[in-house]
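Undergrad: Dropping in protein_27.pdb, with PDB, C-alpha atoms.
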```
ATOM      1  CA  MET Z 290      58.549 -35.296 -19.035
ATOM      2  CA  ASN Z 291      55.452 -36.636 -17.339
ATOM      3  CA  THR Z 292      54.987 -36.171 -13.626
ATOM      4  CA  VAL Z 293      54.653 -39.320 -11.534
ATOM      5  CA  ALA Z 294      51.177 -39.637  -9.997
ATOM      6  CA  TYR Z 295      51.037 -39.713  -6.204
ATOM      7  CA  ARG Z 296      48.186 -40.717  -3.937
ATOM      8  CA  SER Z 297      48.927 -38.338  -1.080
ATOM      9  CA  ILE Z 298      51.557 -35.610  -0.702
ATOM     10  CA  LEU Z 299      52.325 -33.944   2.612
ATOM     11  CA  ILE Z 300      53.987 -30.524   2.638
ATOM     12  CA  VAL Z 301      55.709 -29.668   5.923
ATOM     13  CA  THR Z 302      56.831 -26.068   6.475
ATOM     14  CA  LYS Z 303      59.367 -24.713   8.932
ATOM     15  CA  ALA Z 304      57.575 -23.628  12.085
ATOM     16  CA  ARG Z 305      56.949 -19.898  12.559
ATOM     17  CA  VAL Z 306      58.547 -18.930   9.242
ATOM     18  CA  LYS Z 307      55.970 -17.010   7.226
ATOM     19  CA  GLU Z 308      57.849 -17.311   3.927
ATOM     20  CA  ALA Z 309      57.958 -21.109   4.216
ATOM     21  CA  GLU Z 310      54.277 -21.318   5.124
ATOM     22  CA  GLU Z 311      53.262 -19.098   2.201
ATOM     23  CA  LEU Z 312      55.400 -21.059  -0.254
ATOM     24  CA  GLY Z 313      53.926 -24.309   1.065
ATOM     25  CA  ILE Z 314      50.426 -23.084   0.237
ATOM     26  CA  THR Z 315      51.608 -21.946  -3.210
ATOM     27  CA  ILE Z 316      53.174 -25.348  -3.906
ATOM     28  CA  ALA Z 317      50.008 -27.145  -2.804
ATOM     29  CA  ARG Z 318      47.971 -25.027  -5.221
ATOM     30  CA  TRP Z 319      50.527 -25.721  -7.969
ATOM     31  CA  LEU Z 320      50.422 -29.484  -7.352
ATOM     32  CA  ARG Z 321      46.625 -29.553  -7.494
ATOM     33  CA  SER Z 322      46.643 -27.629 -10.765
ATOM     34  CA  ARG Z 323      48.972 -30.223 -12.305
ATOM     35  CA  HIS Z 324      46.741 -33.118 -11.148
ATOM     36  CA  CYS Z 325      49.802 -35.083 -10.004
ATOM     37  CA  CYS Z 326      48.283 -36.229  -6.710
ATOM     38  CA  GLN Z 327      44.936 -37.263  -5.330
ATOM     39  CA  GLU Z 328      45.413 -35.349  -2.081
ATOM     40  CA  VAL Z 329      47.816 -32.731  -0.779
ATOM     41  CA  ASN Z 330      48.026 -31.321   2.752
ATOM     42  CA  VAL Z 331      50.121 -28.547   4.281
ATOM     43  CA  ILE Z 332      51.157 -28.550   7.941
ATOM     44  CA  PRO Z 333      53.741 -26.639   9.972
ATOM     45  CA  ALA Z 334      56.610 -28.681  11.382
ATOM     46  CA  GLU Z 335      55.534 -30.117  14.722
ATOM     47  CA  GLN Z 336      56.226 -33.071  16.949
ATOM     48  CA  SER Z 337      53.307 -35.153  15.748
ATOM     49  CA  SER Z 338      50.458 -35.168  13.257
ATOM     50  CA  PRO Z 339      48.094 -37.977  12.215
ATOM     51  CA  LEU Z 340      48.901 -37.102   8.606
ATOM     52  CA  TYR Z 341      52.309 -38.770   9.002
ATOM     53  CA  ASP Z 342      50.501 -42.066   9.591
ATOM     54  CA  ASP Z 343      48.357 -41.873   6.437
ATOM     55  CA  PRO Z 344      48.803 -45.289   4.753
ATOM     56  CA  GLU Z 345      48.492 -43.626   1.330
ATOM     57  CA  LEU Z 346      51.198 -41.056   2.007
ATOM     58  CA  ASP Z 347      53.864 -41.552  -0.650
ATOM     59  CA  LEU Z 348      55.751 -38.234  -0.821
ATOM     60  CA  ILE Z 349      56.760 -35.512   1.624
ATOM     61  CA  ILE Z 350      57.946 -32.056   0.592
ATOM     62  CA  VAL Z 351      59.830 -30.322   3.404
ATOM     63  CA  LEU Z 352      60.352 -26.552   3.444
ATOM     64  CA  GLY Z 353      62.899 -26.000   6.179
ATOM     65  CA  GLY Z 354      66.461 -26.345   7.344
ATOM     66  CA  ASP Z 355      68.314 -29.530   8.223
ATOM     67  CA  GLY Z 356      66.723 -29.611  11.683
ATOM     68  CA  THR Z 357      63.212 -29.560  10.240
ATOM     69  CA  ILE Z 358      64.150 -32.271   7.750
ATOM     70  CA  LEU Z 359      65.556 -34.501  10.497
ATOM     71  CA  GLY Z 360      62.410 -34.136  12.587
ATOM     72  CA  VAL Z 361      60.174 -35.023   9.645
ATOM     73  CA  ALA Z 362      62.357 -37.954   8.592
ATOM     74  CA  ARG Z 363      62.116 -39.546  12.048
ATOM     75  CA  HIS Z 364      58.318 -39.680  11.687
ATOM     76  CA  VAL Z 365      58.476 -41.866   8.569
ATOM     77  CA  MET Z 366      61.720 -43.822   8.907
ATOM     78  CA  CYS Z 367      61.755 -47.328   7.442
ATOM     79  CA  ARG Z 368      58.457 -46.770   5.573
ATOM     80  CA  GLY Z 369      59.994 -46.086   2.162
ATOM     81  CA  ILE Z 370      58.356 -42.646   1.857
ATOM     82  CA  PRO Z 371      60.647 -40.336  -0.154
ATOM     83  CA  MET Z 372      61.260 -36.711   0.729
ATOM     84  CA  VAL Z 373      61.979 -33.626  -1.341
ATOM     85  CA  CYS Z 374      63.679 -30.819   0.574
ATOM     86  CA  ILE Z 375      63.545 -27.075  -0.130
ATOM     87  CA  ASN Z 376      66.107 -25.110   1.842
ATOM     88  CA  PHE Z 377      64.908 -22.637   4.466
ATOM     89  CA  GLY Z 378      67.896 -23.137   6.750
ATOM     90  CA  ARG Z 379      71.372 -21.695   7.252
ATOM     91  CA  VAL Z 380      73.322 -24.586   5.734
ATOM     92  CA  GLY Z 381      70.808 -26.794   3.979
ATOM     93  CA  PHE Z 382      73.117 -29.788   3.623
ATOM     94  CA  LEU Z 383      70.159 -32.151   3.155
ATOM     95  CA  SER Z 384      68.307 -29.919   0.687
ATOM     96  CA  ASP Z 385      68.383 -30.080  -3.106
ATOM     97  CA  ILE Z 386      66.251 -27.041  -3.989
ATOM     98  CA  GLU Z 387      66.575 -23.359  -3.109
ATOM     99  CA  PRO Z 388      63.299 -21.447  -2.569
ATOM    100  CA  GLU Z 389      63.799 -19.158  -5.569
ATOM    101  CA  ASN Z 390      64.098 -22.219  -7.844
ATOM    102  CA  TRP Z 391      61.282 -24.265  -6.335
ATOM    103  CA  GLU Z 392      59.173 -24.675  -9.485
ATOM    104  CA  ALA Z 393      62.004 -25.867 -11.751
ATOM    105  CA  GLY Z 394      63.372 -28.074  -8.975
ATOM    106  CA  LEU Z 395      60.041 -29.736  -8.204
ATOM    107  CA  THR Z 396      59.232 -30.175 -11.891
ATOM    108  CA  ALA Z 397      62.471 -32.091 -12.359
ATOM    109  CA  LEU Z 398      62.173 -34.180  -9.199
ATOM    110  CA  LEU Z 399      58.490 -35.053  -9.546
ATOM    111  CA  SER Z 400      59.208 -36.627 -12.918
ATOM    112  CA  SER Z 401      61.992 -38.748 -11.446
ATOM    113  CA  THR Z 402      61.715 -42.401 -10.532
ATOM    114  CA  GLU Z 403      65.170 -42.464  -8.932
ATOM    115  CA  TYR Z 404      65.794 -42.532  -5.205
ATOM    116  CA  ARG Z 405      68.765 -42.330  -2.924
ATOM    117  CA  SER Z 406      68.686 -43.989   0.463
ATOM    118  CA  ALA Z 407      70.587 -43.482   3.687
ATOM    119  CA  ALA Z 408      71.058 -45.458   6.883
ATOM    120  CA  GLY Z 409      69.538 -44.486  10.210
ATOM    121  CA  LEU Z 410      69.860 -45.459  13.867
ATOM    122  CA  ARG Z 411      67.646 -47.228  16.375
ATOM    123  CA  TRP Z 412      68.362 -46.473  20.040
ATOM    124  CA  ALA Z 413      67.112 -47.528  23.470
ATOM    125  CA  LEU Z 414      67.807 -46.351  27.021
ATOM    126  CA  LEU Z 415      67.638 -49.120  29.625
ATOM    127  CA  ARG Z 416      67.644 -48.643  33.400
ATOM    128  CA  TYR Z 417      67.955 -51.706  35.653
ATOM    129  CA  GLY Z 418      66.471 -53.852  32.920
ATOM    130  CA  HIS Z 419      63.556 -51.550  32.150
ATOM    131  CA  HIS Z 420      63.050 -49.717  28.876
ATOM    132  CA  VAL Z 421      63.048 -45.977  29.717
ATOM    133  CA  ALA Z 422      63.064 -44.433  26.244
ATOM    134  CA  GLY Z 423      63.812 -45.282  22.643
ATOM    135  CA  GLY Z 424      63.346 -44.248  19.062
ATOM    136  CA  HIS Z 425      65.142 -43.463  15.825
ATOM    137  CA  ALA Z 426      67.786 -41.019  14.652
ATOM    138  CA  VAL Z 427      68.753 -39.848  11.186
ATOM    139  CA  ASN Z 428      72.035 -38.067  11.949
ATOM    140  CA  ASP Z 429      73.475 -39.149  15.268
ATOM    141  CA  VAL Z 430      73.026 -40.222  18.858
ATOM    142  CA  VAL Z 431      75.340 -38.493  21.343
ATOM    143  CA  LEU Z 432      76.211 -39.416  24.916
ATOM    144  CA  SER Z 433      77.842 -36.392  26.555
ATOM    145  CA  ARG Z 434      78.706 -34.909  29.923
ATOM    146  CA  SER Z 435      76.796 -32.067  31.543
ATOM    147  CA  ALA Z 436      78.180 -28.623  32.358
ATOM    148  CA  MET Z 437      80.626 -30.018  34.923
ATOM    149  CA  ALA Z 438      84.138 -30.549  33.547
ATOM    150  CA  ARG Z 439      84.193 -34.237  34.423
ATOM    151  CA  LEU Z 440      84.212 -37.251  32.160
ATOM    152  CA  VAL Z 441      81.747 -39.849  30.979
ATOM    153  CA  TYR Z 442      83.019 -43.282  32.004
ATOM    154  CA  ALA Z 443      81.550 -46.257  30.170
ATOM    155  CA  ASN Z 444      82.130 -49.837  29.131
ATOM    156  CA  ILE Z 445      81.643 -50.013  25.363
ATOM    157  CA  TYR Z 446      80.552 -53.193  23.610
ATOM    158  CA  THR Z 447      80.234 -53.904  19.886
ATOM    159  CA  ASP Z 448      78.087 -56.895  18.960
ATOM    160  CA  GLY Z 449      78.490 -58.176  22.508
ATOM    161  CA  GLU Z 450      82.290 -57.916  22.557
ATOM    162  CA  LEU Z 451      83.836 -55.588  25.131
ATOM    163  CA  MET Z 452      85.857 -52.855  23.482
ATOM    164  CA  GLY Z 453      86.970 -51.457  26.831
ATOM    165  CA  ALA Z 454      86.225 -48.994  29.604
ATOM    166  CA  VAL Z 455      86.733 -45.508  28.205
ATOM    167  CA  ARG Z 456      86.708 -42.048  29.771
ATOM    168  CA  ALA Z 457      85.836 -39.127  27.499
ATOM    169  CA  ASP Z 458      83.790 -35.954  27.270
ATOM    170  CA  GLY Z 459      81.330 -38.163  25.459
ATOM    171  CA  PHE Z 460      80.721 -40.532  22.587
ATOM    172  CA  LEU Z 461      78.708 -40.271  19.416
ATOM    173  CA  LEU Z 462      77.464 -42.636  16.772
ATOM    174  CA  SER Z 463      76.782 -41.073  13.414
ATOM    175  CA  THR Z 464      75.231 -42.282  10.204
ATOM    176  CA  ALA Z 465      76.970 -41.500   6.930
ATOM    177  CA  ILE Z 466      74.449 -38.794   6.100
ATOM    178  CA  GLY Z 467      74.939 -37.291   9.561
ATOM    179  CA  SER Z 468      78.730 -37.357   9.447
ATOM    180  CA  SER Z 469      78.878 -33.773   8.158
ATOM    181  CA  GLY Z 470      77.405 -32.509  11.442
ATOM    182  CA  TYR Z 471      78.663 -32.968  14.985
ATOM    183  CA  SER Z 472      80.747 -35.972  13.965
ATOM    184  CA  VAL Z 473      83.120 -34.122  11.649
ATOM    185  CA  SER Z 474      83.353 -31.251  14.163
ATOM    186  CA  ALA Z 475      84.498 -33.800  16.753
ATOM    187  CA  SER Z 476      87.251 -35.008  14.371
ATOM    188  CA  GLY Z 477      85.202 -37.904  13.038
ATOM    189  CA  PRO Z 478      85.375 -39.027   9.389
ATOM    190  CA  LEU Z 479      83.356 -37.351   6.653
ATOM    191  CA  LEU Z 480      81.495 -40.234   5.008
ATOM    192  CA  TYR Z 481      79.889 -40.576   1.593
ATOM    193  CA  PRO Z 482      76.181 -40.173   2.457
ATOM    194  CA  THR Z 483      74.812 -43.353   0.845
ATOM    195  CA  LEU Z 484      77.292 -45.694   2.580
ATOM    196  CA  ASN Z 485      75.710 -48.189   4.961
ATOM    197  CA  VAL Z 486      78.233 -47.591   7.740
ATOM    198  CA  LEU Z 487      78.368 -45.970  11.184
ATOM    199  CA  ALA Z 488      81.017 -43.658  12.578
ATOM    200  CA  PHE Z 489      81.948 -44.189  16.227
ATOM    201  CA  VAL Z 490      83.561 -40.995  17.503
ATOM    202  CA  PRO Z 491      84.893 -40.545  21.070
ATOM    203  CA  ILE Z 492      84.730 -36.884  22.094
ATOM    204  CA  CYS Z 493      88.052 -35.801  23.614
ATOM    205  CA  PRO Z 494      88.936 -39.239  25.066
ATOM    206  CA  PHE Z 495      91.225 -39.228  28.099
ATOM    207  CA  LEU Z 496      94.855 -39.668  26.957
ATOM    208  CA  ASN Z 497      93.575 -40.280  23.390
ATOM    209  CA  THR Z 498      92.959 -43.898  24.325
ATOM    210  CA  ILE Z 499      90.647 -44.644  21.400
ATOM    211  CA  PRO Z 500      90.385 -43.210  17.861
ATOM    212  CA  PRO Z 501      87.301 -42.590  15.683
ATOM    213  CA  MET Z 502      86.297 -45.780  13.866
ATOM    214  CA  VAL Z 503      83.932 -46.855  11.098
ATOM    215  CA  PHE Z 504      81.725 -49.941  11.516
ATOM    216  CA  PRO Z 505      79.161 -51.790   9.374
ATOM    217  CA  THR Z 506      75.651 -50.406   9.802
ATOM    218  CA  HIS Z 507      74.276 -53.560  11.432
ATOM    219  CA  THR Z 508      76.756 -53.311  14.352
ATOM    220  CA  ILE Z 509      75.050 -53.138  17.759
ATOM    221  CA  PHE Z 510      76.694 -50.765  20.233
ATOM    222  CA  ARG Z 511      76.126 -50.941  23.965
ATOM    223  CA  PHE Z 512      77.286 -48.269  26.417
ATOM    224  CA  HIS Z 513      77.185 -49.173  30.123
ATOM    225  CA  LEU Z 514      77.725 -46.099  32.318
ATOM    226  CA  LEU Z 515      80.095 -46.940  35.147
ATOM    227  CA  PRO Z 516      80.384 -45.501  38.668
ATOM    228  CA  GLY Z 517      82.483 -42.362  38.563
ATOM    229  CA  THR Z 518      80.805 -40.937  35.490
ATOM    230  CA  THR Z 519      79.489 -37.389  35.656
ATOM    231  CA  GLU Z 520      75.864 -36.407  35.044
ATOM    232  CA  SER Z 521      75.320 -37.133  31.369
ATOM    233  CA  TYR Z 522      72.822 -36.643  28.586
ATOM    234  CA  LEU Z 523      71.675 -38.683  25.635
ATOM    235  CA  THR Z 524      70.847 -36.458  22.661
ATOM    236  CA  VAL Z 525      69.119 -37.600  19.467
ATOM    237  CA  ASP Z 526      69.726 -35.602  16.281
ATOM    238  CA  GLY Z 527      70.398 -32.581  18.485
ATOM    239  CA  GLN Z 528      66.637 -32.308  19.088
ATOM    240  CA  GLU Z 529      65.652 -34.809  21.772
ATOM    241  CA  GLY Z 530      67.419 -35.193  25.104
ATOM    242  CA  HIS Z 531      67.361 -37.588  28.068
ATOM    243  CA  VAL Z 532      69.251 -37.467  31.359
ATOM    244  CA  VAL Z 533      71.154 -40.705  31.952
ATOM    245  CA  GLN Z 534      72.432 -42.157  35.222
ATOM    246  CA  THR Z 535      75.179 -44.427  36.453
ATOM    247  CA  ASN Z 536      74.490 -48.052  35.494
ATOM    248  CA  ASP Z 537      72.194 -47.027  32.642
ATOM    249  CA  ILE Z 538      72.682 -48.888  29.378
ATOM    250  CA  ILE Z 539      72.316 -47.289  25.964
ATOM    251  CA  GLU Z 540      71.926 -49.597  22.991
ATOM    252  CA  ILE Z 541      72.294 -48.262  19.448
ATOM    253  CA  GLU Z 542      72.196 -50.116  16.147
ATOM    254  CA  GLY Z 543      72.170 -49.060  12.535
ATOM    255  CA  ILE Z 544      69.298 -49.562  10.109
ATOM    256  CA  PRO Z 545      70.340 -49.799   6.451
ATOM    257  CA  ASP Z 546      68.494 -47.798   3.794
ATOM    258  CA  CYS Z 547      65.731 -46.485   6.060
ATOM    259  CA  VAL Z 548      65.671 -42.832   4.953
ATOM    260  CA  ARG Z 549      64.740 -42.072   1.342
ATOM    261  CA  PHE Z 550      65.105 -38.952  -0.806
ATOM    262  CA  LEU Z 551      63.565 -38.477  -4.243
ATOM    263  CA  GLY Z 552      65.892 -37.998  -7.207
ATOM    264  CA  LYS Z 553      69.641 -38.186  -7.625
ATOM    265  CA  GLY Z 554      70.160 -34.833  -5.907
ATOM    266  CA  LEU Z 555      73.358 -32.834  -5.910
ATOM    267  CA  SER Z 556      76.590 -34.760  -6.183
ATOM    268  CA  PHE Z 557      78.437 -35.248  -2.904
ATOM    269  CA  ILE Z 558      81.265 -32.933  -3.962
ATOM    270  CA  GLU Z 559      78.833 -30.268  -5.190
ATOM    271  CA  ARG Z 560      76.961 -30.492  -1.893
ATOM    272  CA  LEU Z 561      80.220 -30.041   0.031
ATOM    273  CA  ARG Z 562      81.321 -27.173  -2.188
ATOM    274  CA  THR Z 563      78.055 -25.215  -2.088
ATOM    275  CA  ARG Z 564      77.664 -25.754   1.671
ATOM    276  CA  SER Z 565      81.176 -24.415   2.398
ATOM    277  CA  PHE Z 566      82.681 -27.710   3.523
ATOM    278  CA  ILE Z 567      85.510 -27.358   0.995
ATOM    279  CA  LEU Z 568      87.041 -24.380  -0.773
ATOM    280  CA  GLN Z 569      84.598 -22.924  -3.285
ATOM    281  CA  ASN Z 570      87.284 -21.383  -5.473
ATOM    282  CA  PRO Z 571      90.464 -23.430  -4.950
ATOM    283  CA  VAL Z 572      92.126 -21.836  -7.992
ATOM    284  CA  ASN Z 573      92.315 -18.616  -5.982
ATOM    285  CA  ASN Z 574      94.206 -20.315  -3.179
ATOM    286  CA  PRO Z 575      97.802 -19.001  -3.285
ATOM    287  CA  ALA Z 576      99.072 -22.427  -2.282
ATOM    288  CA  LEU Z 577      97.653 -23.823  -5.531
ATOM    289  CA  LYS Z 578      98.592 -21.013  -7.929
ATOM    290  CA  ASN Z 579     101.205 -23.109  -9.735
ATOM    291  CA  GLU Z 580      99.113 -26.248  -9.925
ATOM    292  CA  PRO Z 581      98.347 -27.180 -13.577
ATOM    293  CA  LYS Z 582      94.760 -27.058 -14.754
ATOM    294  CA  PRO Z 583      93.087 -30.299 -15.901
ATOM    295  CA  GLY Z 584      94.354 -31.268 -19.356
ATOM    296  CA  GLU Z 585      97.571 -29.300 -19.093
TER
END
```
Please express what this file holds, its structure, as structure tokens.
TA:
Amino acid sequence: MNTVAYRSILIVTKARVKEAEELGITIARWLRSRHCCQEVNVIPAEQSSPLYDDPELDLIIVLGGDGTILGVARHVMCRGIPMVCINFGRVGFLSDIEPENWEAGLTALLSSTEYRSAAGLRWALLRYGHHVAGGHAVNDVVLSRSAMARLVYANIYTDGELMGAVRADGFLLSTAIGSSGYSVSASGPLLYPTLNVLAFVPICPFLNTIPPMVFPTHTIFRFHLLPGTTESYLTVDGQEGHVVQTNDIIEIEGIPDCVRFLGKGLSFIERLRTRSFILQNPVNNPALKNEPKPGE
């Protein structure tokens, strides 16, 4: 199959991991030899680089774990730039290629014209009417208490309608692709990654006053921190944090189809199975020993 021609490819390698950096250079040399792009650059993962803003950039190859992938994705959200991810992390839920199979994996993906998209989040922190901070998230935005064992107390609004005043250890909003992270650990739903929905998950709510819920992506959430709340933090994708204060307002809304990956990738069930989210060998589970095999 012929390889799709690209104008500019950016290879981003996991910071301070020699194996990833060396493979990135090897892949760049391999891409140039195949004449499948006009320009290819290799950079270590970092907070910013002018190469992310290249108007001709039309593919990113990430060599890293899920954290590296999330950081890179935030740089190019909503620009339609697809990513290919080679796993250099512990779990690699967002990756499709293992390092030892990089050449076969890239050969297959670079000839693909298929994409899969995922929703993201846009957030803003407001203080007495002033914009303090804002940005995007791929996985989740979390409002949580500090080290003190006291609760976050907030009025919660959805599309301008008051849901109620809720006390909890915190609250998180997760995209479908991010639901396999903190959200599912906090008893939130595990969502099919291409769904344009958001998971709202209260973290240990007082007296279980509110359950996890799923909303359409375009829903606008507003959290107003009330007097009596403990010192709290706003955390974005587990990588960016902001201290929040009483009377602060956090606004979060979903953005449909703003993160793009090249190729069909692993099936959702295969991704869960190979990343240890479900039993890898259920036939060996004693509880299932008498269950008939398919076709029996």
Undergrad: Could you expand the PyMOL selection byres ((chain Z and resi 505) around 12) into the explicit residues it covers here, written as number ranges by chain?
TA: Z: 408, 447-448, 462-465, 484-489, 502-504, 506-510, 542-545
Undergrad: Suppose you want the space between CA of Ser521 in chain Z and CA of His364 in chain Z; what is it in Å?
TA: 26.1 Å
Undergrad: Do you know which residues the PyMOL selection byres ((chain Z and resi 314) around 12) returns on this file, as an MDAnalysis selection string?
TA: chainID Z and resid 299:302 307:313 315:321 329:333 350 352
Undergrad: Using only C-alpha atoms, please write the residues we just selected to a file, as an mmCIF file, keeping the file's coordinate frame.
TA:
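Resulting contents of result_36.cif:
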```cif
data_model
loop_
_atom_site.group_PDB
_atom_site.id
_atom_site.type_symbol
_atom_site.label_atom_id
_atom_site.label_comp_id
_atom_site.auth_asym_id
_atom_site.auth_seq_id
_atom_site.Cartn_x
_atom_site.Cartn_y
_atom_site.Cartn_z
ATOM 1 C CA LEU Z 299 52.325 -33.944 2.612
ATOM 2 C CA ILE Z 300 53.987 -30.524 2.638
ATOM 3 C CA VAL Z 301 55.709 -29.668 5.923
ATOM 4 C CA THR Z 302 56.831 -26.068 6.475
ATOM 5 C CA LYS Z 307 55.970 -17.010 7.226
ATOM 6 C CA GLU Z 308 57.849 -17.311 3.927
ATOM 7 C CA ALA Z 309 57.958 -21.109 4.216
ATOM 8 C CA GLU Z 310 54.277 -21.318 5.124
ATOM 9 C CA GLU Z 311 53.262 -19.098 2.201
ATOM 10 C CA LEU Z 312 55.400 -21.059 -0.254
ATOM 11 C CA GLY Z 313 53.926 -24.309 1.065
ATOM 12 C CA THR Z 315 51.608 -21.946 -3.210
ATOM 13 C CA ILE Z 316 53.174 -25.348 -3.906
ATOM 14 C CA ALA Z 317 50.008 -27.145 -2.804
ATOM 15 C CA ARG Z 318 47.971 -25.027 -5.221
ATOM 16 C CA TRP Z 319 50.527 -25.721 -7.969
ATOM 17 C CA LEU Z 320 50.422 -29.484 -7.352
ATOM 18 C CA ARG Z 321 46.625 -29.553 -7.494
ATOM 19 C CA VAL Z 329 47.816 -32.731 -0.779
ATOM 20 C CA ASN Z 330 48.026 -31.321 2.752
ATOM 21 C CA VAL Z 331 50.121 -28.547 4.281
ATOM 22 C CA ILE Z 332 51.157 -28.550 7.941
ATOM 23 C CA PRO Z 333 53.741 -26.639 9.972
ATOM 24 C CA ILE Z 350 57.946 -32.056 0.592
ATOM 25 C CA LEU Z 352 60.352 -26.552 3.444
#
```
Undergrad: Tell me which of Z:Leu461, Z:Gly554, Z:Pro478, Z:Asp343 sits closest to Val490 in chain Z, counting only C-alpha atoms.
TA: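 So, comparing all the options, the nearest one is Z:Leu461.
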Undergrad: Can you spell out as a PDB file with C-alpha atoms, in the frame of the given file the set of residues that the PyMOL selection byres ((chain Z and resi 426) around 9) selects in the structure I just provided?
TA:
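Result saved to out.pdb:
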```pdb
ATOM      1  CA  LEU Z 359      65.556 -34.501  10.497  1.00  0.00           C
ATOM      2  CA  GLY Z 360      62.410 -34.136  12.587  1.00  0.00           C
ATOM      3  CA  ALA Z 362      62.357 -37.954   8.592  1.00  0.00           C
ATOM      4  CA  ARG Z 363      62.116 -39.546  12.048  1.00  0.00           C
ATOM      5  CA  MET Z 366      61.720 -43.822   8.907  1.00  0.00           C
ATOM      6  CA  GLY Z 409      69.538 -44.486  10.210  1.00  0.00           C
ATOM      7  CA  LEU Z 410      69.860 -45.459  13.867  1.00  0.00           C
ATOM      8  CA  ARG Z 411      67.646 -47.228  16.375  1.00  0.00           C
ATOM      9  CA  TRP Z 412      68.362 -46.473  20.040  1.00  0.00           C
ATOM     10  CA  GLY Z 424      63.346 -44.248  19.062  1.00  0.00           C
ATOM     11  CA  HIS Z 425      65.142 -43.463  15.825  1.00  0.00           C
ATOM     12  CA  VAL Z 427      68.753 -39.848  11.186  1.00  0.00           C
ATOM     13  CA  ASN Z 428      72.035 -38.067  11.949  1.00  0.00           C
ATOM     14  CA  ASP Z 429      73.475 -39.149  15.268  1.00  0.00           C
ATOM     15  CA  VAL Z 430      73.026 -40.222  18.858  1.00  0.00           C
ATOM     16  CA  THR Z 464      75.231 -42.282  10.204  1.00  0.00           C
ATOM     17  CA  VAL Z 525      69.119 -37.600  19.467  1.00  0.00           C
ATOM     18  CA  ASP Z 526      69.726 -35.602  16.281  1.00  0.00           C
TER      19      ASP Z 526
END
```
Undergrad: What's around Val441 in chain Z at 8 Å? Count all atoms listed in the file, leave out sequence neighbours fewer than 4 positions away in its own chain, and write the answer as a list in words.
TA: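 Close residues of Val441 in chain Z: Ser433, Arg434, Arg456, Ala457, Asp458, Gly459, Leu514, Thr518, Thr519, Glu520 and Ser521 of chain Z.
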Undergrad: Mind pulling up the distance from CA of Cys547 in chain Z to CA of Ser400 in chain Z?
TA: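 CA of Cys547 in chain Z lies 22.4 Å from CA of Ser400 in chain Z.
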Undergrad: As an exercise, work out the distance from CA of Thr498 in chain Z to CA of Met452 in chain Z in Å and give it to one decimal place.
TA: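 CA of Met452 in chain Z lies at a distance of 11.5 Å from CA of Thr498 in chain Z.
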Undergrad: Box time for range 445-459 of chain Z: axis-aligned, enclosing all its listed atoms, 4 Å extra on each side; report centre and edge lengths in Å to one decimal, as AutoDock Vina command-line options.
TA:
```
--center_x 82.5 --center_y -47.1 --center_z 24.4 --size_x 16.9 --size_y 30.2 --size_z 18.8
```
Undergrad: Pick out the closest residue to Val431 in chain Z from this set: Z:Ala407, Z:Leu561, Z:Ala304, Z:Ala475. Count all atoms listed in the file.
TA: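 Checking each candidate against Val431 in chain Z, we get Z:Ala475 as the closest.
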Undergrad: (58.6, -51.8, -1.5) in this file's frame - what residues fall within 12 Å of it? Use all atoms listed in the file and give the answer as a ChimeraX atom specification.
TA: /Z:347,367-371,546-547,549
Undergrad: Here is a test: counting only C-alpha atoms, which residue of Z:Val306, Z:Val361, Z:Ala294, Z:Leu555 is nearest to Ser384 in chain Z?
TA: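 Using only C-alpha atoms, the shortest distance to Ser384 in chain Z belongs to Z:Leu555.
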Undergrad: May I have the residues within 9 Å of Phe557 in chain Z as a PDB file with C-alpha atoms, in the coordinates of the input, using all atoms listed in the file and disregarding those fewer than 4 positions away in the same chain?
TA:
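Produced file around-v9.pdb, reproduced below:
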```
ATOM      1  CA  TYR Z 481      79.889 -40.576   1.593  1.00  0.00           C
ATOM      2  CA  PRO Z 482      76.181 -40.173   2.457  1.00  0.00           C
ATOM      3  CA  LEU Z 561      80.220 -30.041   0.031  1.00  0.00           C
ATOM      4  CA  ARG Z 562      81.321 -27.173  -2.188  1.00  0.00           C
TER       5      ARG Z 562
END
```
Undergrad: Identify which of the residues Z:Ile358, Z:Val351, Z:Ala422, Z:Leu480 lies closest to Pro388 in chain Z, counting all atoms listed in the file when measuring atom-to-atom distances.
TA: Z:Val351
Undergrad: With distances taken over all atoms listed in the file, which residue among Z:Gly527, Z:Gly470, Z:Gly552, Z:Gly453 lies nearest Phe512 in chain Z?
TA: Z:Gly453
Undergrad: Keeping C-alpha atoms, write range 403-417 of chain Z of the structure just shown out as a PDB file, in the first residue's frame.
TA:
```
ATOM      1  CA  GLU Z 403      -9.015   6.596   8.515  1.00  0.00           C
ATOM      2  CA  TYR Z 404      -9.216   8.610  11.706  1.00  0.00           C
ATOM      3  CA  ARG Z 405     -10.876   8.276  15.054  1.00  0.00           C
ATOM      4  CA  SER Z 406     -11.818  11.348  17.031  1.00  0.00           C
ATOM      5  CA  ALA Z 407     -12.475  12.024  20.688  1.00  0.00           C
ATOM      6  CA  ALA Z 408     -14.031  14.848  22.675  1.00  0.00           C
ATOM      7  CA  GLY Z 409     -12.062  17.224  24.865  1.00  0.00           C
ATOM      8  CA  LEU Z 410     -12.742  19.863  27.512  1.00  0.00           C
ATOM      9  CA  ARG Z 411     -12.410  23.629  27.689  1.00  0.00           C
ATOM     10  CA  TRP Z 412     -12.064  25.099  31.186  1.00  0.00           C
ATOM     11  CA  ALA Z 413     -11.775  28.511  32.834  1.00  0.00           C
ATOM     12  CA  LEU Z 414     -11.109  29.689  36.390  1.00  0.00           C
ATOM     13  CA  LEU Z 415     -12.873  32.935  37.296  1.00  0.00           C
ATOM     14  CA  ARG Z 416     -12.254  35.020  40.419  1.00  0.00           C
ATOM     15  CA  TYR Z 417     -14.581  37.946  41.183  1.00  0.00           C
TER      16      TYR Z 417
END
```
